[in-house]
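Structure file upload.cif (mmCIF, C-alpha atoms) follows.
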data_query
loop_
_atom_site.label_atom_id
_atom_site.label_comp_id
_atom_site.auth_asym_id
_atom_site.auth_seq_id
_atom_site.Cartn_x
_atom_site.Cartn_y
_atom_site.Cartn_z
CA MET A 4 -110.04 -74.39 -66.47
CA ARG A 5 -107.97 -75.63 -63.56
CA ARG A 6 -110.24 -76.17 -60.54
CA TYR A 7 -109.14 -76.88 -56.99
CA ARG A 8 -111.06 -78.34 -54.06
CA ILE A 9 -110.38 -76.17 -51.00
CA ALA A 10 -111.47 -77.08 -47.47
CA LEU A 11 -112.27 -74.08 -45.28
CA ILE A 12 -111.89 -74.57 -41.52
CA PRO A 13 -112.42 -71.19 -39.78
CA GLY A 14 -112.06 -72.74 -36.31
CA ASP A 15 -112.35 -70.31 -33.43
CA GLY A 16 -112.32 -66.60 -32.68
CA ILE A 17 -111.22 -64.33 -35.50
CA GLY A 18 -110.64 -67.40 -37.65
CA LYS A 19 -114.36 -67.08 -38.42
CA GLU A 20 -113.67 -63.61 -39.84
CA VAL A 21 -110.37 -64.01 -41.67
CA VAL A 22 -111.09 -67.32 -43.43
CA PRO A 23 -114.23 -65.93 -45.11
CA ALA A 24 -112.09 -62.93 -46.09
CA GLY A 25 -109.56 -65.34 -47.58
CA ARG A 26 -112.35 -67.00 -49.54
CA GLN A 27 -113.39 -63.58 -50.88
CA VAL A 28 -109.87 -62.97 -52.17
CA LEU A 29 -109.69 -66.37 -53.84
CA GLU A 30 -113.12 -65.80 -55.41
CA ALA A 31 -111.95 -62.41 -56.66
CA LEU A 32 -108.94 -64.10 -58.19
CA ALA A 33 -111.11 -66.73 -59.87
CA GLY A 34 -113.55 -64.08 -61.08
CA ALA A 35 -110.75 -62.05 -62.62
CA GLU A 36 -109.14 -64.98 -64.44
CA ASN A 37 -110.41 -67.55 -66.91
CA GLY A 38 -107.91 -70.25 -66.06
CA ILE A 39 -108.47 -70.96 -62.36
CA GLY A 40 -111.44 -71.84 -60.17
CA PHE A 41 -112.22 -73.15 -56.69
CA ASP A 42 -114.77 -75.48 -55.15
CA PHE A 43 -115.02 -74.66 -51.46
CA GLU A 44 -116.25 -76.93 -48.69
CA SER A 45 -116.66 -75.48 -45.21
CA PHE A 46 -116.21 -77.43 -41.98
CA ASP A 47 -117.63 -76.01 -38.73
CA TRP A 48 -115.06 -77.67 -36.47
CA GLY A 49 -113.71 -75.93 -33.38
CA GLY A 50 -114.87 -74.80 -29.97
CA ASP A 51 -118.56 -74.56 -30.85
CA TYR A 52 -118.45 -78.04 -32.36
CA TYR A 53 -116.77 -79.30 -29.16
CA ARG A 54 -119.55 -77.90 -26.98
CA ALA A 55 -122.14 -79.64 -29.13
CA HIS A 56 -120.36 -82.96 -29.74
CA GLY A 57 -117.61 -83.36 -27.13
CA ALA A 58 -114.84 -83.31 -29.76
CA MET A 59 -113.19 -80.57 -31.79
CA MET A 60 -113.82 -82.46 -35.05
CA PRO A 61 -115.60 -85.72 -35.94
CA GLU A 62 -113.81 -89.06 -35.98
CA GLU A 63 -114.20 -89.27 -39.75
CA GLY A 64 -112.95 -85.71 -40.22
CA LEU A 65 -109.53 -86.64 -41.60
CA GLU A 66 -111.17 -88.84 -44.23
CA ALA A 67 -113.30 -85.89 -45.34
CA LEU A 68 -110.15 -83.81 -45.84
CA ARG A 69 -108.15 -86.36 -47.83
CA SER A 70 -110.05 -85.66 -51.04
CA GLN A 71 -109.30 -81.92 -50.90
CA ASP A 72 -106.49 -80.26 -52.83
CA ALA A 73 -105.63 -77.95 -49.92
CA ILE A 74 -106.97 -76.62 -46.62
CA LEU A 75 -107.33 -72.99 -45.50
CA PHE A 76 -107.42 -72.93 -41.70
CA GLY A 77 -108.24 -70.09 -39.30
CA SER A 78 -107.32 -70.71 -35.68
CA ALA A 79 -107.83 -73.09 -32.76
CA GLY A 80 -108.38 -71.73 -29.27
CA ASP A 81 -111.38 -70.97 -27.08
CA PRO A 82 -111.25 -69.40 -23.60
CA GLY A 83 -113.93 -71.83 -22.44
CA ILE A 84 -111.98 -74.95 -23.40
CA PRO A 85 -108.50 -75.98 -22.16
CA ASP A 86 -105.84 -75.13 -24.74
CA HIS A 87 -104.48 -78.66 -24.95
CA ILE A 88 -107.92 -79.89 -26.00
CA THR A 89 -108.39 -77.29 -28.72
CA LEU A 90 -104.89 -77.73 -30.13
CA TRP A 91 -104.62 -81.52 -30.01
CA GLY A 92 -108.25 -82.00 -30.98
CA LEU A 93 -108.08 -79.99 -34.19
CA ARG A 94 -104.91 -78.44 -35.60
CA LEU A 95 -102.41 -81.05 -34.41
CA LYS A 96 -104.82 -83.85 -35.22
CA ILE A 97 -104.89 -82.63 -38.82
CA CYS A 98 -101.15 -81.98 -39.06
CA GLN A 99 -100.21 -85.40 -37.72
CA GLY A 100 -103.09 -87.27 -39.35
CA LEU A 101 -102.23 -85.91 -42.81
CA ASP A 102 -98.45 -86.16 -42.23
CA GLN A 103 -97.91 -82.43 -42.73
CA TYR A 104 -94.42 -82.72 -41.32
CA ALA A 105 -92.93 -79.50 -42.72
CA ASN A 106 -94.24 -76.28 -41.24
CA VAL A 107 -92.97 -73.42 -43.41
CA ARG A 108 -93.12 -69.82 -42.20
CA PRO A 109 -91.80 -67.06 -44.49
CA THR A 110 -90.97 -63.76 -42.83
CA ARG A 111 -90.19 -60.43 -44.44
CA ILE A 112 -91.05 -56.79 -43.89
CA LEU A 113 -93.94 -55.92 -46.20
CA PRO A 114 -94.14 -52.46 -47.81
CA GLY A 115 -95.31 -49.75 -45.45
CA ILE A 116 -94.91 -51.81 -42.28
CA ASP A 117 -93.16 -50.07 -39.40
CA ALA A 118 -91.08 -52.95 -38.06
CA PRO A 119 -89.48 -52.63 -34.60
CA LEU A 120 -85.91 -53.20 -35.84
CA LYS A 121 -85.24 -49.57 -36.74
CA ARG A 122 -81.72 -50.19 -38.04
CA CYS A 123 -82.85 -53.10 -40.17
CA ARG A 124 -83.21 -52.56 -43.90
CA THR A 125 -86.18 -54.28 -45.53
CA GLU A 126 -83.88 -56.58 -47.48
CA ASP A 127 -82.05 -57.59 -44.27
CA LEU A 128 -85.07 -59.54 -42.99
CA ASP A 129 -86.14 -62.10 -45.55
CA TRP A 130 -86.30 -65.49 -43.84
CA VAL A 131 -88.04 -68.81 -44.16
CA ILE A 132 -88.32 -70.85 -40.97
CA VAL A 133 -88.80 -74.60 -41.44
CA ARG A 134 -90.37 -76.26 -38.41
CA GLU A 135 -90.52 -79.99 -37.83
CA ASN A 136 -94.26 -80.38 -37.45
CA THR A 137 -95.26 -83.89 -36.33
CA GLU A 138 -92.92 -85.10 -33.58
CA GLY A 139 -90.25 -83.67 -31.26
CA GLU A 140 -91.53 -81.76 -28.26
CA TYR A 141 -95.11 -82.02 -29.55
CA SER A 142 -95.08 -85.77 -30.12
CA GLY A 143 -97.70 -86.28 -27.41
CA ALA A 144 -95.57 -88.83 -25.55
CA GLY A 145 -95.72 -88.68 -21.77
CA GLY A 146 -98.37 -88.78 -19.08
CA ARG A 147 -99.54 -87.93 -15.56
CA VAL A 148 -99.90 -90.12 -12.50
CA HIS A 149 -101.26 -89.65 -8.96
CA GLN A 150 -103.26 -86.60 -10.06
CA GLY A 151 -104.41 -84.42 -7.21
CA PHE A 152 -101.98 -85.91 -4.67
CA PRO A 153 -98.70 -84.43 -3.36
CA ILE A 154 -96.75 -87.12 -5.23
CA GLU A 155 -98.35 -86.19 -8.57
CA ALA A 156 -95.90 -86.44 -11.45
CA ALA A 157 -96.18 -85.30 -15.06
CA MET A 158 -93.88 -85.90 -17.99
CA ASP A 159 -93.71 -84.74 -21.61
CA VAL A 160 -91.20 -86.57 -23.78
CA SER A 161 -89.56 -85.00 -26.81
CA LEU A 162 -89.53 -87.89 -29.24
CA MET A 163 -87.38 -87.62 -32.36
CA THR A 164 -86.93 -90.35 -34.92
CA ARG A 165 -84.00 -90.48 -37.32
CA ALA A 166 -86.46 -90.75 -40.21
CA GLY A 167 -88.39 -87.70 -39.00
CA VAL A 168 -85.25 -85.65 -38.44
CA GLU A 169 -83.72 -86.58 -41.77
CA ARG A 170 -86.80 -85.77 -43.82
CA ILE A 171 -87.20 -82.29 -42.30
CA GLN A 172 -83.48 -81.57 -42.67
CA ARG A 173 -83.59 -82.63 -46.33
CA TYR A 174 -86.65 -80.46 -46.89
CA ALA A 175 -84.84 -77.48 -45.36
CA PHE A 176 -81.66 -78.04 -47.36
CA ARG A 177 -83.68 -78.35 -50.59
CA LEU A 178 -85.54 -75.15 -49.78
CA ALA A 179 -82.30 -73.34 -48.98
CA ALA A 180 -80.81 -74.56 -52.27
CA SER A 181 -83.78 -73.07 -54.15
CA ARG A 182 -83.33 -69.59 -52.64
CA PRO A 183 -80.85 -67.03 -54.00
CA ARG A 184 -78.50 -67.03 -51.00
CA LYS A 185 -78.39 -70.83 -50.67
CA GLN A 186 -77.84 -70.53 -46.93
CA LEU A 187 -79.21 -72.56 -44.03
CA THR A 188 -78.96 -72.19 -40.26
CA VAL A 189 -79.64 -75.34 -38.23
CA VAL A 190 -80.98 -74.45 -34.78
CA THR A 191 -80.07 -76.81 -31.95
CA LYS A 192 -79.71 -77.20 -28.19
CA SER A 193 -77.32 -80.13 -28.21
CA ASN A 194 -75.10 -78.64 -25.50
CA ALA A 195 -77.81 -79.39 -22.91
CA GLN A 196 -80.06 -81.97 -24.62
CA ARG A 197 -77.43 -84.63 -25.21
CA HIS A 198 -79.41 -87.37 -26.90
CA ALA A 199 -82.07 -86.38 -29.45
CA MET A 200 -80.49 -83.00 -30.22
CA VAL A 201 -77.08 -84.58 -30.75
CA MET A 202 -78.73 -86.91 -33.26
CA TRP A 203 -80.36 -83.83 -34.84
CA ASP A 204 -76.91 -82.29 -35.33
CA GLU A 205 -75.40 -85.51 -36.69
CA VAL A 206 -78.20 -85.95 -39.21
CA ALA A 207 -77.85 -82.33 -40.35
CA ALA A 208 -74.13 -82.83 -40.97
CA GLY A 209 -74.84 -85.99 -42.94
CA VAL A 210 -77.57 -84.42 -45.07
CA ALA A 211 -75.36 -81.37 -45.75
CA ARG A 212 -72.96 -83.57 -47.71
CA ASP A 213 -75.69 -84.06 -50.31
CA PHE A 214 -76.08 -80.30 -50.75
CA PRO A 215 -72.59 -78.91 -51.38
CA GLU A 216 -74.10 -75.76 -52.92
CA VAL A 217 -75.69 -74.78 -49.58
CA THR A 218 -73.64 -72.88 -47.02
CA TRP A 219 -74.83 -73.90 -43.57
CA ASP A 220 -74.07 -73.18 -39.94
CA LYS A 221 -75.38 -74.23 -36.54
CA GLU A 222 -76.77 -71.98 -33.80
CA LEU A 223 -77.95 -72.73 -30.26
CA VAL A 224 -81.59 -71.74 -29.92
CA ASP A 225 -80.97 -69.22 -27.13
CA ALA A 226 -78.22 -67.52 -29.11
CA MET A 227 -80.51 -67.60 -32.14
CA THR A 228 -82.96 -65.17 -30.51
CA ALA A 229 -80.19 -62.59 -30.12
CA ARG A 230 -78.93 -63.19 -33.67
CA MET A 231 -82.41 -62.61 -35.11
CA VAL A 232 -82.54 -59.22 -33.40
CA ASN A 233 -78.92 -58.10 -33.75
CA ARG A 234 -77.86 -59.67 -37.06
CA PRO A 235 -80.98 -60.32 -39.15
CA ALA A 236 -79.07 -60.06 -42.44
CA SER A 237 -76.94 -63.07 -41.42
CA LEU A 238 -79.98 -65.37 -41.72
CA ASP A 239 -81.93 -66.76 -44.65
CA THR A 240 -83.39 -70.27 -44.33
CA ILE A 241 -83.72 -71.69 -40.80
CA VAL A 242 -84.63 -75.19 -39.61
CA ALA A 243 -85.57 -76.03 -36.03
CA THR A 244 -87.49 -78.52 -33.94
CA ASN A 245 -91.22 -78.31 -33.34
CA LEU A 246 -91.07 -76.25 -30.14
CA GLN A 247 -87.99 -74.21 -31.01
CA ALA A 248 -89.38 -73.11 -34.37
CA ASP A 249 -92.78 -72.41 -32.82
CA VAL A 250 -91.17 -69.82 -30.53
CA LEU A 251 -88.69 -68.44 -33.06
CA SER A 252 -91.30 -67.94 -35.75
CA ASP A 253 -93.47 -65.81 -33.46
CA LEU A 254 -90.41 -63.70 -32.68
CA ALA A 255 -89.75 -63.43 -36.41
CA ALA A 256 -93.32 -62.27 -37.07
CA ALA A 257 -93.06 -59.63 -34.34
CA LEU A 258 -89.76 -58.39 -35.76
CA ALA A 259 -91.43 -58.06 -39.17
CA GLY A 260 -94.18 -55.89 -37.70
CA SER A 261 -97.08 -58.00 -36.42
CA LEU A 262 -98.31 -61.54 -35.89
CA GLY A 263 -101.37 -60.43 -37.84
CA ILE A 264 -99.50 -60.45 -41.14
CA ALA A 265 -97.63 -63.74 -40.72
CA PRO A 266 -98.53 -66.86 -42.76
CA THR A 267 -97.65 -70.50 -42.49
CA GLY A 268 -98.01 -73.69 -44.47
CA ASN A 269 -98.30 -77.17 -42.97
CA ILE A 270 -96.85 -79.13 -45.85
CA ASN A 271 -96.99 -82.77 -46.86
CA PRO A 272 -94.06 -82.55 -49.31
CA GLU A 273 -94.82 -85.87 -51.00
CA ARG A 274 -98.38 -84.62 -51.74
CA VAL A 275 -99.91 -87.88 -50.59
CA PHE A 276 -102.24 -85.78 -48.42
CA PRO A 277 -103.45 -82.18 -48.76
CA SER A 278 -101.42 -79.44 -47.11
CA MET A 279 -102.94 -76.84 -44.78
CA PHE A 280 -102.32 -73.09 -44.78
CA GLU A 281 -103.10 -70.67 -41.97
CA PRO A 282 -102.25 -67.34 -40.37
CA ILE A 283 -100.26 -67.74 -37.16
CA HIS A 284 -102.06 -65.10 -35.08
CA GLY A 285 -104.36 -67.37 -33.07
CA SER A 286 -108.02 -66.95 -32.18
CA ALA A 287 -107.74 -63.48 -30.53
CA PHE A 288 -111.07 -63.66 -28.71
CA ASP A 289 -110.49 -60.15 -27.32
CA ILE A 290 -111.23 -58.64 -30.74
CA MET A 291 -113.59 -61.32 -32.08
CA GLY A 292 -116.71 -59.97 -33.76
CA ARG A 293 -115.49 -56.37 -33.92
CA GLY A 294 -114.41 -56.49 -37.55
CA VAL A 295 -110.88 -55.28 -36.85
CA ALA A 296 -108.85 -58.48 -37.31
CA ASN A 297 -105.97 -58.22 -39.77
CA PRO A 298 -106.66 -60.55 -42.71
CA ILE A 299 -103.22 -60.09 -44.31
CA GLY A 300 -101.79 -63.24 -42.69
CA THR A 301 -104.65 -65.24 -44.21
CA PHE A 302 -104.15 -63.68 -47.64
CA TRP A 303 -100.43 -64.43 -47.55
CA SER A 304 -101.27 -68.00 -46.48
CA ALA A 305 -103.64 -68.23 -49.45
CA ALA A 306 -100.80 -67.10 -51.71
CA MET A 307 -98.61 -69.86 -50.24
CA MET A 308 -101.43 -72.31 -50.95
CA LEU A 309 -101.64 -71.18 -54.57
CA ASP A 310 -97.90 -71.53 -55.00
CA HIS A 311 -98.05 -75.05 -53.51
CA LEU A 312 -100.80 -75.92 -56.00
CA GLY A 313 -98.53 -74.87 -58.87
CA GLU A 314 -100.25 -71.52 -59.47
CA ALA A 315 -97.17 -69.32 -59.05
CA GLU A 316 -98.52 -66.44 -61.12
CA ALA A 317 -101.79 -66.40 -59.20
CA ALA A 318 -99.82 -66.41 -55.93
CA ARG A 319 -97.75 -63.48 -57.18
CA ARG A 320 -100.90 -61.51 -57.99
CA VAL A 321 -102.33 -62.06 -54.53
CA MET A 322 -99.05 -60.91 -52.97
CA GLU A 323 -98.98 -57.83 -55.20
CA ALA A 324 -102.43 -56.94 -53.90
CA VAL A 325 -101.35 -57.63 -50.31
CA GLU A 326 -98.30 -55.38 -50.65
CA ALA A 327 -100.38 -52.62 -52.20
CA ALA A 328 -102.68 -52.80 -49.18
CA THR A 329 -99.92 -52.73 -46.55
CA ALA A 330 -98.28 -49.80 -48.35
CA ASP A 331 -101.45 -47.72 -47.92
CA PRO A 332 -101.57 -46.09 -44.46
CA LYS A 333 -105.38 -45.99 -44.63
CA LEU A 334 -105.50 -49.79 -44.84
CA ARG A 335 -103.63 -50.66 -41.67
CA THR A 336 -105.56 -52.49 -38.99
CA ARG A 337 -105.20 -51.84 -35.27
CA ASP A 338 -102.32 -54.30 -34.82
CA LEU A 339 -100.37 -52.04 -37.20
CA SER A 340 -101.47 -48.88 -35.33
CA GLY A 341 -104.22 -48.13 -37.84
CA ALA A 342 -108.01 -48.03 -37.86
CA ALA A 343 -108.91 -50.03 -40.97
CA THR A 344 -111.44 -52.83 -40.71
CA THR A 345 -111.16 -56.41 -41.92
CA ALA A 346 -113.74 -55.64 -44.61
CA GLU A 347 -111.89 -52.55 -45.85
CA VAL A 348 -108.60 -54.40 -46.24
CA THR A 349 -110.36 -57.33 -47.93
CA GLU A 350 -112.21 -55.07 -50.37
CA ALA A 351 -108.99 -53.24 -51.26
CA VAL A 352 -107.11 -56.48 -51.95
CA CYS A 353 -109.98 -57.82 -54.08
CA ALA A 354 -110.17 -54.54 -56.00
CA HIS A 355 -106.44 -54.63 -56.73
CA ILE A 356 -106.74 -58.20 -58.05
CA ALA A 357 -109.65 -57.18 -60.28
CA ALA A 358 -107.75 -54.17 -61.61
CA ALA A 359 -104.82 -56.38 -62.61
CA ALA A 360 -107.02 -58.92 -64.39
CA ARG A 361 -106.00 -57.77 -67.88
CA ARG A 362 -102.63 -59.48 -67.47
CA PRO A 363 -102.85 -63.12 -68.63
CA LEU A 364 -102.44 -65.83 -66.01
CA ALA A 365 -99.49 -68.13 -66.62
CA THR A 366 -100.23 -71.80 -67.21
CA ALA A 367 -99.29 -74.02 -64.25
#

Full structure transcribed into structure tokens:
Amino acid sequence: MRRYRIALIPGDGIGKEVVPAGRQVLEALAGAENGIGFDFESFDWGGDYYRAHGAMMPEEGLEALRSQDAILFGSAGDPGIPDHITLWGLRLKICQGLDQYANVRPTRILPGIDAPLKRCRTEDLDWVIVRENTEGEYSGAGGRVHQGFPIEAAMDVSLMTRAGVERIQRYAFRLAASRPRKQLTVVTKSNAQRHAMVMWDEVAAGVARDFPEVTWDKELVDAMTARMVNRPASLDTIVATNLQADVLSDLAAALAGSLGIAPTGNINPERVFPSMFEPIHGSAFDIMGRGVANPIGTFWSAAMMLDHLGEAEAARRVMEAVEAATADPKLRTRDLSGAATTAEVTEAVCAHIAAAARRPLATA
């Protein structure tokens, strides 16, 4: 049996509801198959940990994660703690500390979802957004001086290295080459940001020469928002900087129907460190504890995790169960204008996995 060590970090808000739901789905998968198993280890890091210890996670936390095969993460964000503390103290600390430099966010319209682009066919919106995940606008460079005085000044520096830009561009070109359309759009803002973004463009052009099979183009980030709405079929694989892709991927999720269904993977492509998978919806404290959070984004993230671990057939089975759930009007949560609960959706997905157990699982 192939066994995987999975770290569970629910974090804050509805993360404490959807990550346990994700564990249920993975346990259902393991229970239905003879060839795959999981050893879970839970970490109680987040806002509650901060209130008790003054930090979002312990100093030795990264070391505890290095021995895991993958991480399933919930959310970071607590209304009682400043956002920059929750983000930098947990999620970004893990992403940067484990060199998860490629943030990958697939977007497509799942069966039964009423997406807002009414003229868009389901097959017209099938994207993967690749986000540089460890530097750029979120490098952490900058500072504040003269705080509290009229002359106070604050500065955030977008720091891009040629090595960082080249590795994310190569990752995006490789991903584009692996997809049927072999198409990549490089998002930029080099008309206004005339140093780092010009280097970004130059590196993209250089890397493109190594991928002659990939058709690529360049789009300014502001024009990209309009293109995503007006010409979704013109896009396939997309690469953008840390901040740009952060914004564009939320737009993409909304265009596909809801942030509640959207997954992401924080990938260390060289596999020196474990990669981390999470829904993008945030902590959503307004619905915390009510049992109505949409777990689909977590399940899709778990499928991405399985695929990353080499369990493509297992990932496919989870996605089959997810699509069966979204296609059923009775299983839509409130973000999809339904009344289903987290537990109901989770039970339905687990039941679908169990019902499909008679099909043999492919060897990784």

Problem set entry | Expected residue set, 10 Å radius at (-98.5, -71.1, -45.0), all atoms listed in the file, as a ChimeraX atom specification | /A:75-76,106-109,265-270,278-283,300-308,311

*So what do you get for CA of Glu138 in chain A versus CA of Lys192 in chain A, distance-wise?*
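Computing the Euclidean distance for CA of Glu138 in chain A and CA of Lys192 in chain A yields 16.3 Å.
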
Between CA of Ile132 in chain A and CA of Ala229 in chain A lies a distance of 15.9 Å

Who sits within 10 Å of range 205-219 of chain A, only C-alpha atoms, same chain under 5 positions skipped, as number ranges by chain: A: 165-166, 168-173, 175-182, 184-189, 199-200, 240-242

The PyMOL selection byres ((chain A and resi 341-356) around 6) applied to the shown file, residues as a ChimeraX atom specification: /A:28,31,294-297,324,334-337,339-340,357-359

From CA of Glu222 in chain A to CA of Asp204 in chain A the spacing works out at 10.4 Å

Using all atoms listed in the file, can you tell me which of A:Val201, A:Ala360, A:Ile290, A:Met163 comes closest to Gly18 in chain A?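 Among A:Val201, A:Ala360, A:Ile290, A:Met163, it is A:Ile290 that comes nearest to Gly18 in chain A.
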
- request: Starting from the shown file, work through the PyMOL selection byres ((chain A and resi 121) around 12) and note down what comes out as number ranges by chain.
  value: A: 112, 116-120, 122-125, 127-128, 232-233, 235, 258-260

Selected residues written out with C-alpha atoms, as an mmCIF file, keeping the file's coordinate frame:
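Produced file selection.cif, reproduced below:
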data_model
loop_
_atom_site.group_PDB
_atom_site.id
_atom_site.type_symbol
_atom_site.label_atom_id
_atom_site.label_comp_id
_atom_site.auth_asym_id
_atom_site.auth_seq_id
_atom_site.Cartn_x
_atom_site.Cartn_y
_atom_site.Cartn_z
ATOM 1 C CA ILE A 112 -91.050 -56.790 -43.890
ATOM 2 C CA ILE A 116 -94.910 -51.810 -42.280
ATOM 3 C CA ASP A 117 -93.160 -50.070 -39.400
ATOM 4 C CA ALA A 118 -91.080 -52.950 -38.060
ATOM 5 C CA PRO A 119 -89.480 -52.630 -34.600
ATOM 6 C CA LEU A 120 -85.910 -53.200 -35.840
ATOM 7 C CA ARG A 122 -81.720 -50.190 -38.040
ATOM 8 C CA CYS A 123 -82.850 -53.100 -40.170
ATOM 9 C CA ARG A 124 -83.210 -52.560 -43.900
ATOM 10 C CA THR A 125 -86.180 -54.280 -45.530
ATOM 11 C CA ASP A 127 -82.050 -57.590 -44.270
ATOM 12 C CA LEU A 128 -85.070 -59.540 -42.990
ATOM 13 C CA VAL A 232 -82.540 -59.220 -33.400
ATOM 14 C CA ASN A 233 -78.920 -58.100 -33.750
ATOM 15 C CA PRO A 235 -80.980 -60.320 -39.150
ATOM 16 C CA LEU A 258 -89.760 -58.390 -35.760
ATOM 17 C CA ALA A 259 -91.430 -58.060 -39.170
ATOM 18 C CA GLY A 260 -94.180 -55.890 -37.700
#

Inset, instruction - Enumerate, as a PyMOL selection string, the residues matched when the PyMOL selection byres ((chain A and resi 80) around 6) is run on the file above. - result: chain A and resi 15+79+81+89+286

Within 10 Å of Gln247 in chain A, counting only C-alpha atoms, which residues qualify if same-chain residues fewer than 4 places away don't, as a PDB file with C-alpha atoms, in the frame of the given file?
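What landed in result-v2.pdb:
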ATOM      1  CA  ARG A 134     -90.370 -76.260 -38.410  1.00  0.00           C
ATOM      2  CA  GLU A 135     -90.520 -79.990 -37.830  1.00  0.00           C
ATOM      3  CA  GLY A 139     -90.250 -83.670 -31.260  1.00  0.00           C
ATOM      4  CA  GLU A 140     -91.530 -81.760 -28.260  1.00  0.00           C
ATOM      5  CA  VAL A 190     -80.980 -74.450 -34.780  1.00  0.00           C
ATOM      6  CA  THR A 191     -80.070 -76.810 -31.950  1.00  0.00           C
ATOM      7  CA  LYS A 192     -79.710 -77.200 -28.190  1.00  0.00           C
ATOM      8  CA  VAL A 224     -81.590 -71.740 -29.920  1.00  0.00           C
ATOM      9  CA  ASP A 225     -80.970 -69.220 -27.130  1.00  0.00           C
ATOM     10  CA  VAL A 242     -84.630 -75.190 -39.610  1.00  0.00           C
ATOM     11  CA  ALA A 243     -85.570 -76.030 -36.030  1.00  0.00           C
ATOM     12  CA  LEU A 251     -88.690 -68.440 -33.060  1.00  0.00           C
ATOM     13  CA  SER A 252     -91.300 -67.940 -35.750  1.00  0.00           C
TER      14      SER A 252
END

Can you tell me, as a count of residues only, what residues are no more than 10 Å from Gly115 in chain A when counting only C-alpha atoms, ignoring any on the same chain fewer than 6 positions away?
-> 10

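Summary of the local environment: counting only C-alpha atoms, residues at most 10 Å from range 48-64 of chain A, other than itself and those fewer than 2 positions away along its chain, are Leu11, Ile12, Pro13, Gly14, Asp15, Gly16, Ser45, Phe46, Glu66, Ala67, Leu68, Arg69, Gly77, Ser78, Ala79, Gly80, Asp81, Pro82, Gly83, Ile84, Ile88, Thr89, Leu90, Trp91, Gly92, Leu93, Arg94, Lys96 and Ile97 of chain A.
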
In terms of the shortest atom-to-atom distance over only C-alpha atoms, which of A:Tyr174, A:Trp130, A:Ile74, A:Arg320 is closest to Cys98 in chain A?
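Smallest distance to Cys98 in chain A is found for A:Ile74.
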
Counting only C-alpha atoms, what is within 12 Å of Ala33 in chain A, bar same-chain residues fewer than 6 positions away, as an mmCIF file with C-alpha atoms, keeping the file's coordinate frame?
data_model
loop_
_atom_site.group_PDB
_atom_site.id
_atom_site.type_symbol
_atom_site.label_atom_id
_atom_site.label_comp_id
_atom_site.auth_asym_id
_atom_site.auth_seq_id
_atom_site.Cartn_x
_atom_site.Cartn_y
_atom_site.Cartn_z
ATOM 1 C CA MET A 4 -110.040 -74.390 -66.470
ATOM 2 C CA ARG A 5 -107.970 -75.630 -63.560
ATOM 3 C CA ARG A 6 -110.240 -76.170 -60.540
ATOM 4 C CA TYR A 7 -109.140 -76.880 -56.990
ATOM 5 C CA ARG A 26 -112.350 -67.000 -49.540
ATOM 6 C CA GLN A 27 -113.390 -63.580 -50.880
ATOM 7 C CA ILE A 39 -108.470 -70.960 -62.360
ATOM 8 C CA GLY A 40 -111.440 -71.840 -60.170
ATOM 9 C CA PHE A 41 -112.220 -73.150 -56.690
ATOM 10 C CA ASP A 42 -114.770 -75.480 -55.150
ATOM 11 C CA LEU A 309 -101.640 -71.180 -54.570
ATOM 12 C CA GLU A 314 -100.250 -71.520 -59.470
ATOM 13 C CA ALA A 317 -101.790 -66.400 -59.200
ATOM 14 C CA ALA A 318 -99.820 -66.410 -55.930
ATOM 15 C CA ARG A 320 -100.900 -61.510 -57.990
ATOM 16 C CA VAL A 321 -102.330 -62.060 -54.530
ATOM 17 C CA CYS A 353 -109.980 -57.820 -54.080
ATOM 18 C CA ILE A 356 -106.740 -58.200 -58.050
ATOM 19 C CA ALA A 357 -109.650 -57.180 -60.280
ATOM 20 C CA ALA A 360 -107.020 -58.920 -64.390
ATOM 21 C CA LEU A 364 -102.440 -65.830 -66.010
#
